[in-house]
Structure formats: structure tokens, C-alpha cells
>>> print(open('query_18.pdb').read())   # PDB, C-alpha atoms, pLDDT in the B column
ATOM      1  CA  MET L1475      -3.515 -44.212 -66.775  1.00 46.00           C
ATOM      2  CA  LYS L1476      -6.557 -46.027 -65.401  1.00 64.00           C
ATOM      3  CA  LYS L1477      -8.937 -43.942 -67.486  1.00 69.00           C
ATOM      4  CA  LEU L1478      -7.046 -44.996 -70.608  1.00 72.00           C
ATOM      5  CA  TYR L1479      -8.165 -48.610 -70.227  1.00 71.00           C
ATOM      6  CA  ALA L1480     -11.905 -47.848 -70.183  1.00 70.00           C
ATOM      7  CA  PRO L1481     -12.173 -47.112 -73.928  1.00 79.00           C
ATOM      8  CA  LEU L1482     -10.052 -50.185 -74.637  1.00 80.00           C
ATOM      9  CA  TRP L1483     -12.536 -52.440 -72.813  1.00 77.00           C
ATOM     10  CA  ILE L1484     -15.511 -51.036 -74.724  1.00 81.00           C
ATOM     11  CA  THR L1485     -13.642 -51.163 -78.048  1.00 84.00           C
ATOM     12  CA  GLY L1486     -12.580 -54.731 -77.379  1.00 84.00           C
ATOM     13  CA  SER L1487     -16.138 -55.758 -76.597  1.00 83.00           C
ATOM     14  CA  ILE L1488     -17.360 -54.242 -79.876  1.00 85.00           C
ATOM     15  CA  VAL L1489     -14.629 -56.051 -81.814  1.00 88.00           C
ATOM     16  CA  PHE L1490     -15.443 -59.375 -80.131  1.00 85.00           C
ATOM     17  CA  SER L1491     -19.161 -58.855 -80.726  1.00 84.00           C
ATOM     18  CA  ILE L1492     -18.681 -58.234 -84.438  1.00 88.00           C
ATOM     19  CA  GLY L1493     -16.234 -61.134 -84.558  1.00 87.00           C
ATOM     20  CA  GLY L1494     -18.842 -63.413 -82.984  1.00 83.00           C
ATOM     21  CA  PHE L1495     -21.388 -62.581 -85.663  1.00 84.00           C
ATOM     22  CA  VAL L1496     -18.829 -62.993 -88.438  1.00 88.00           C
ATOM     23  CA  ALA L1497     -17.715 -66.366 -87.061  1.00 84.00           C
ATOM     24  CA  PHE L1498     -21.340 -67.507 -86.858  1.00 80.00           C
ATOM     25  CA  PHE L1499     -22.034 -66.525 -90.439  1.00 83.00           C
ATOM     26  CA  LEU L1500     -18.811 -68.035 -91.785  1.00 86.00           C
ATOM     27  CA  LEU L1501     -19.219 -71.341 -89.969  1.00 81.00           C
ATOM     28  CA  PHE L1502     -22.944 -72.043 -90.015  1.00 75.00           C
ATOM     29  CA  ILE L1503     -24.690 -70.129 -92.793  1.00 76.00           C
ATOM     30  CA  PRO L1504     -23.182 -72.078 -95.747  1.00 79.00           C
ATOM     31  CA  ASP L1505     -24.641 -75.358 -94.409  1.00 79.00           C
ATOM     32  CA  PHE L1506     -27.790 -73.909 -92.844  1.00 75.00           C
ATOM     33  CA  ASN L1507     -30.727 -76.231 -92.136  1.00 79.00           C
ATOM     34  CA  MET L1508     -33.535 -76.575 -89.590  1.00 79.00           C
ATOM     35  CA  TYR L1509     -31.113 -77.905 -86.965  1.00 78.00           C
ATOM     36  CA  TRP L1510     -29.017 -74.723 -87.142  1.00 75.00           C
ATOM     37  CA  LEU L1511     -32.161 -72.579 -87.133  1.00 77.00           C
ATOM     38  CA  ILE L1512     -33.158 -74.084 -83.791  1.00 82.00           C
ATOM     39  CA  LEU L1513     -29.657 -73.835 -82.306  1.00 80.00           C
ATOM     40  CA  ALA L1514     -28.754 -70.438 -83.778  1.00 79.00           C
ATOM     41  CA  PRO L1515     -29.694 -68.428 -80.652  1.00 83.00           C
ATOM     42  CA  VAL L1516     -27.581 -70.682 -78.430  1.00 84.00           C
ATOM     43  CA  ILE L1517     -24.634 -70.523 -80.819  1.00 80.00           C
ATOM     44  CA  LEU L1518     -24.859 -66.734 -81.067  1.00 80.00           C
ATOM     45  CA  VAL L1519     -24.916 -66.455 -77.287  1.00 83.00           C
ATOM     46  CA  MET L1520     -21.766 -68.568 -77.059  1.00 84.00           C
ATOM     47  CA  TYR L1521     -20.016 -66.367 -79.605  1.00 80.00           C
ATOM     48  CA  GLN L1522     -21.127 -63.205 -77.797  1.00 84.00           C
ATOM     49  CA  ALA L1523     -19.827 -64.377 -74.391  1.00 86.00           C
ATOM     50  CA  PRO L1524     -16.364 -62.764 -74.782  1.00 85.00           C
ATOM     51  CA  ALA L1525     -17.983 -59.426 -75.640  1.00 85.00           C
ATOM     52  CA  VAL L1526     -20.245 -59.631 -72.594  1.00 86.00           C
ATOM     53  CA  LEU L1527     -17.261 -60.452 -70.409  1.00 87.00           C
ATOM     54  CA  LEU L1528     -15.396 -57.379 -71.666  1.00 84.00           C
ATOM     55  CA  ILE L1529     -18.464 -55.186 -71.060  1.00 85.00           C
ATOM     56  CA  TYR L1530     -18.580 -56.556 -67.514  1.00 88.00           C
ATOM     57  CA  PHE L1531     -14.912 -55.642 -66.979  1.00 85.00           C
ATOM     58  CA  TYR L1532     -15.532 -52.201 -68.494  1.00 84.00           C
ATOM     59  CA  LYS L1533     -18.432 -51.479 -66.136  1.00 86.00           C
ATOM     60  CA  LYS L1534     -16.505 -52.814 -63.158  1.00 86.00           C
ATOM     61  CA  ARG L1535     -13.474 -50.656 -64.006  1.00 81.00           C
ATOM     62  CA  LYS L1536     -15.658 -47.587 -64.643  1.00 81.00           C
ATOM     63  CA  LYS L1537     -17.452 -48.025 -61.326  1.00 83.00           C
ATOM     64  CA  LYS L1538     -14.114 -48.377 -59.535  1.00 80.00           C
ATOM     65  CA  ILE L1539     -12.730 -45.231 -61.174  1.00 76.00           C
ATOM     66  CA  GLU L1540     -15.860 -43.228 -60.392  1.00 78.00           C
ATOM     67  CA  GLY L1541     -15.776 -44.504 -56.811  1.00 77.00           C
ATOM     68  CA  ASP L1542     -12.167 -43.390 -56.453  1.00 68.00           C
ATOM     69  CA  THR L1543     -12.906 -39.872 -57.684  1.00 63.00           C
ATOM     70  CA  SER L1544     -16.051 -39.437 -55.605  1.00 59.00           C
ATOM     71  CA  SER L1545     -14.373 -40.634 -52.403  1.00 54.00           C
ATOM     72  CA  LYS L1546     -11.741 -37.901 -52.536  1.00 55.00           C
ATOM     73  CA  GLY L1547     -14.056 -35.336 -51.032  1.00 54.00           C
ATOM     74  CA  ASN L1548     -16.718 -32.934 -52.068  1.00 53.00           C
ATOM     75  CA  THR L1549     -16.693 -32.808 -55.860  1.00 54.00           C
ATOM     76  CA  ASN L1550     -19.833 -30.807 -56.574  1.00 56.00           C
ATOM     77  CA  GLY L1551     -18.252 -27.407 -55.956  1.00 53.00           C
ATOM     78  CA  THR L1552     -20.129 -26.442 -52.792  1.00 54.00           C
ATOM     79  CA  LYS L1553     -18.354 -25.641 -49.603  1.00 51.00           C
ATOM     80  CA  LEU L1554     -19.148 -27.723 -46.543  1.00 48.00           C
ATOM     81  CA  ASP L1555     -18.879 -25.971 -43.179  1.00 45.00           C
TER      82      ASP L1555
END
>>> encode(input="query_18.pdb", output="C-alpha cells")
Amino acid sequence: MKKLYAPLWITGSIVFSIGGFVAFFLLFIPDFNMYWLILAPVILVMYQAPAVLLIYFYKKRKKKIEGDTSSKGNTNGTKLD
């Protein structure tokens, strides 16, 4: 069940990333001027924050799952005497 959530985190981050770009274009491109050109990188970073947060959770969950499987013993197929 835990491995099921990993693709959901990465899919969610992709959806939020695309949503951030779409929101930026819908809100700021119609009334674009020099002010928005200067602030565009900051605004894009703010809209990408949810996607970065989901990527962080994905990596944290993946590391935890890999740590659980590697701590169960010798997983490389060799026999330890």
C-alpha cells in the first residue's frame, strides 16, 4: 500500500506545476508590463511552491520505503556466513 502513494505524489507535483504556470499566464499575461516582467520569476516561484512541496514528500516517502526494504536483511542475493 505504501508503494501506491509514490506515483500519486509525483503525479500531484506535475499537476500542481502545470497549474502554477497556467495560473500565472491567466492572471498576469493579459495585463503584462515592465513591473510584471521584473516580478515574474518571484511569482512563478510562488506558484511552483506546492509542486516542490509534493516532490519533497515524494522523495521523503521513497527514501523511507527504500530504507525499510534494505533494512530487512541481505537483499543482493549473496549468502553471508
>>> residues_around(input="query_18.pdb", residues="stretch 1505-1520 of chain L", least_positions_apart="5", cutoff="9 Å", atoms="all atoms listed in the file", output="number ranges by chain")
L: 1494-1495, 1498
>>> residues_around(input="query_18.pdb", residues="L:Leu1528", least_positions_apart="6", cutoff="7 Å", atoms="only C-alpha atoms", output="count of residues only")
3
>>> closest_residue(input="query_18.pdb", among="L:Lys1536, L:Phe1531, L:Ala1480, L:Tyr1521", to="L:Phe1499", atoms="only C-alpha atoms")
L:Tyr1521
>>> atom_distance(input="query_18.pdb", atom1="atom CA of L:Lys1538", atom2="atom CA of L:Leu1482")
15.7 Å
>>> closest_residue(input="query_18.pdb", among="L:Ile1539, L:Ala1525, L:Leu1478, L:Ile1503", to="L:Phe1490", atoms="all atoms listed in the file")
L:Ala1525
>>> atom_distance(input="query_18.pdb", atom1="atom CA of L:Ile1484", atom2="atom CA of L:Phe1502")
27.0 Å
